[in-house]
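For reference, the structure discussed in these notes is given below.
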Amino acid sequence: MEKKKLKWGIVGCGVIAPAHGKSLAKTKDAELVAVCDIVRERAEHLAADFGNPAVYTDLDEMLEHADLDILSVCTPSGMHGEHITAAAERGVHVLSEKPLEITLKKVDSAIQACRKAGVKLGGVFQRRTFPTSVEIKKALDAGALGKMVLGTACLKYYRDQAYYDSGDWRGTWELDGGGALMNQGVHGIDLLLWFMGDVRKVFARTGTLLRDIPVEDTAVVSLEFASGAFGTIEGTTSVYPGMDTRIELHGERGTIILEESRINTWKTLDGVEREQEVIKGEGAKVASDPSALGPITHDVLVQDMIDAVKADREPLIPGEEARKAVELILAIYESAKTGKEITLL
């Protein structure tokens with residue numbers, strides 16, 4: 001007997017939605033049955049690319065008629081909370097794009113709605129699923145670098161003015177929740193937190209140096225982790241042509257450097273040495289073009305959500321975990337606004 005496929009929907013049919021569609025097309029355990037966007041042409045275009053599922057322009061209508069098991073939330077960041085809650089209240093599990101929401105109040109409300117309804121809430125931070133990221137995390141947890149000293153995230157991307165002008169929500173506080181950090185840099189910030197642990201204190205400077213937007217296009221941040229290690233974040237969307245996302249991890253016993261999905265450096269005092277050839281340009285495409293995901297896929301997170309629902313377990317990145325990057329970014333904004341160091345723990 002053929003196993004029943006879970007019914008999946010997508011709300012928000014913009015740039016990131018096809019990544020969910022492609023991953024769903026690869027699994028035998030779920031099928032895309034409905035898509036929704038307030039612009040019908042966008043929904044129809046996505047549907048045409050992925051088996052012609054039902055098309056809706058109203059989320060409530062889709063939730064009422066499509067009989068969904070799981071919903072991908074791919075709408076503008078400041079709408080995630082209301083769409084997560086709407087799905088939860090219908091008993092539908094949710095896989096939400098980053099950031100989970102743009103204020104902690106909205107994040108917590110969405111998490112609570114899912115807990116109350118007994119549905120799963122998973123966050124999308126696909127960089128955690130890279131085999132190299134998983135390998136590094138296991139090594140750090142096993143103490144491969146000993147006591148951690150420094151953790152650095154270099155998040156230098158390029159988005160021109162046309163990118164921000166392409167959607168009235170982009171680069172706004174109300175719907176994007178911020179700029180270079182909240183939209184583009186959030187992936188690298190989440191990865192840094194995953195590797196280094198929670199942040200205790202933060203001091204930041206942010207500015208809008210090139211683009212005509214109300215939010216930041218450039219930021220520099222000083223961190224103190226709960227472990228006692230220090231760290232830095234450099235984030236921007238104004239560096240041409242856009243650089244590979246780079247995470248540097250330094251401990252008393254060695255260094256690991258990750259560039260995109262590639263290990264650039266892995267050297268420890270006990271003789272472990274590993275270097276991979278750096279393939280120029282692979283990551284920079286993503287850094288310069290938001291639609292050029294390249295090797296970055298949602299496959300693991302989509303399959304994990306399916307498995308979490310079937311096994312009644314937590315997804316790989318539950319809502320509470322996805323909350324951490326938002327909390328740090330908001331603390332960075334508060335520090336930049338007040339000129340003061342902000343204590344989180």
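Starting from 1 in every chain, residues are counted up; chains themselves are A, B, ... following the order of the structure tokens, and ligands are numbered from 1 as listed.
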
DSSP-assigned strand (DSSP E or B) among segment 10-221 of chain A, expressed as a ChimeraX atom specification: /A:10-11,30-36,54-56,70-73,93-96,121-123,148-156,158,199-207,218-221

Can I get the selection written as a compact mmCIF listing (two decimals), in the first residue's frame, with C-alpha atoms?
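See result_34.txt below for the written result:
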```
# COMPACT_ATOMS: atom_id res chain seq x y z
CA ILE A 10 2.94 27.73 0.18
CA VAL A 11 1.87 31.27 1.06
CA ALA A 30 4.51 15.15 0.55
CA GLU A 31 2.87 16.93 -2.35
CA LEU A 32 2.30 20.59 -3.10
CA VAL A 33 -1.47 20.97 -3.33
CA ALA A 34 -1.99 24.74 -2.99
CA VAL A 35 -0.19 28.07 -3.37
CA CYS A 36 -1.31 31.54 -2.31
CA ALA A 54 -4.70 24.98 -6.57
CA VAL A 55 -4.19 28.76 -6.67
CA TYR A 56 -5.52 31.15 -4.02
CA ILE A 70 1.93 21.71 6.40
CA LEU A 71 2.32 25.31 5.23
CA SER A 72 5.48 27.07 4.05
CA VAL A 73 5.38 30.75 5.04
CA HIS A 93 2.04 22.68 10.85
CA VAL A 94 4.36 25.48 9.68
CA LEU A 95 7.80 25.80 8.10
CA SER A 96 8.60 29.52 8.19
CA LEU A 121 6.80 25.19 13.97
CA GLY A 122 10.10 24.99 12.13
CA GLY A 123 12.41 27.81 11.09
CA MET A 148 36.63 29.23 22.50
CA VAL A 149 38.32 32.61 22.10
CA LEU A 150 36.84 34.37 19.06
CA GLY A 151 33.87 33.89 16.73
CA THR A 152 33.54 36.10 13.66
CA ALA A 153 30.83 36.42 11.02
CA CYS A 154 31.66 38.30 7.81
CA LEU A 155 28.36 38.91 6.02
CA LYS A 156 29.15 41.13 3.05
CA TYR A 158 25.47 43.32 -2.59
CA VAL A 199 25.48 36.08 23.42
CA ARG A 200 25.73 37.85 26.77
CA LYS A 201 26.53 41.42 25.66
CA VAL A 202 26.49 43.39 22.43
CA PHE A 203 27.72 46.80 21.29
CA ALA A 204 26.99 47.94 17.73
CA ARG A 205 27.21 50.66 15.16
CA THR A 206 24.83 50.62 12.17
CA GLY A 207 24.27 53.07 9.34
CA THR A 218 26.05 48.49 6.93
CA ALA A 219 26.80 47.33 10.49
CA VAL A 220 29.74 46.42 12.73
CA VAL A 221 29.11 44.59 15.99
```

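The shortest atom-to-atom distance to Thr57 of chain A, with only C-alpha atoms taken into account, belongs to A:Arg40 out of A:His83, A:Arg40, A:His250, A:His45.
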
Nearest candidate to Ile247 of chain A (options A:Ile332, A:Val119, A:Ile38, A:Leu191; using only C-alpha atoms): A:Leu191

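Residue nearest Arg115 of chain A within the list A:Ala88, A:Met62, A:Ile306, A:Ile257: A:Ala88 [criterion: smallest interatomic distance, only C-alpha atoms].
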
Spatial neighbours of Ala325 of chain A, 9 Å, only C-alpha atoms, chain gap at least 3 places, as a PyMOL selection string: chain A and resi 99+182+186-187+189-191+193+321-322+328-330

So that I can see what lies close to Glu89 of chain A, please list as a CSV table (one decimal) with N, CA and C atoms, in the first residue's frame the residues with an atom at most 9 Å from it, counting only C-alpha atoms and leaving out residues fewer than 3 positions away in the same chain.
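Contents of out.csv, as written:
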```csv
chain,number,residue,atom,x,y,z
A,84,ILE,N,1.6,32.4,10.4
A,84,ILE,CA,1.9,31.3,11.2
A,84,ILE,C,0.7,31.0,12.2
A,85,THR,N,0.2,32.1,12.8
A,85,THR,CA,-0.9,31.9,13.7
A,85,THR,C,-2.2,31.4,13.0
A,86,ALA,N,-2.4,32.0,11.8
A,86,ALA,CA,-3.6,31.5,11.0
A,86,ALA,C,-3.5,30.1,10.7
A,92,VAL,N,-2.7,23.4,11.2
A,92,VAL,CA,-1.7,23.1,10.2
A,92,VAL,C,-0.3,23.4,10.7
A,113,ALA,N,1.1,30.4,19.7
A,113,ALA,CA,-0.1,29.9,18.9
A,113,ALA,C,0.1,28.5,18.5
A,114,CYS,N,1.4,28.1,18.1
A,114,CYS,CA,1.6,26.8,17.6
A,114,CYS,C,1.6,25.8,18.8
A,116,LYS,N,0.0,26.1,21.6
A,116,LYS,CA,-1.4,26.0,22.0
A,116,LYS,C,-2.2,25.0,21.1
A,117,ALA,N,-1.9,25.1,19.8
A,117,ALA,CA,-2.7,24.3,18.8
A,117,ALA,C,-2.1,22.9,18.7
```

Between atom CA of Asp29 of chain A and atom CA of Trp194 of chain A - distance in Å to one decimal: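 Atom CA of Asp29 of chain A lies 28.7 Å from atom CA of Trp194 of chain A.
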
Nearest candidate to Ala139 of chain A (options A:Met196, A:Pro18, A:Ser23, A:Gly91; using only C-alpha atoms):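 For Ala139 of chain A, the nearest of the given residues is A:Met196.
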
DSSP-assigned helix (DSSP H, G or I) among segment 8-113 of chain A, expressed as a PyMOL selection string: chain A and resi 17-26+40-49+59-65+77-89+104-113
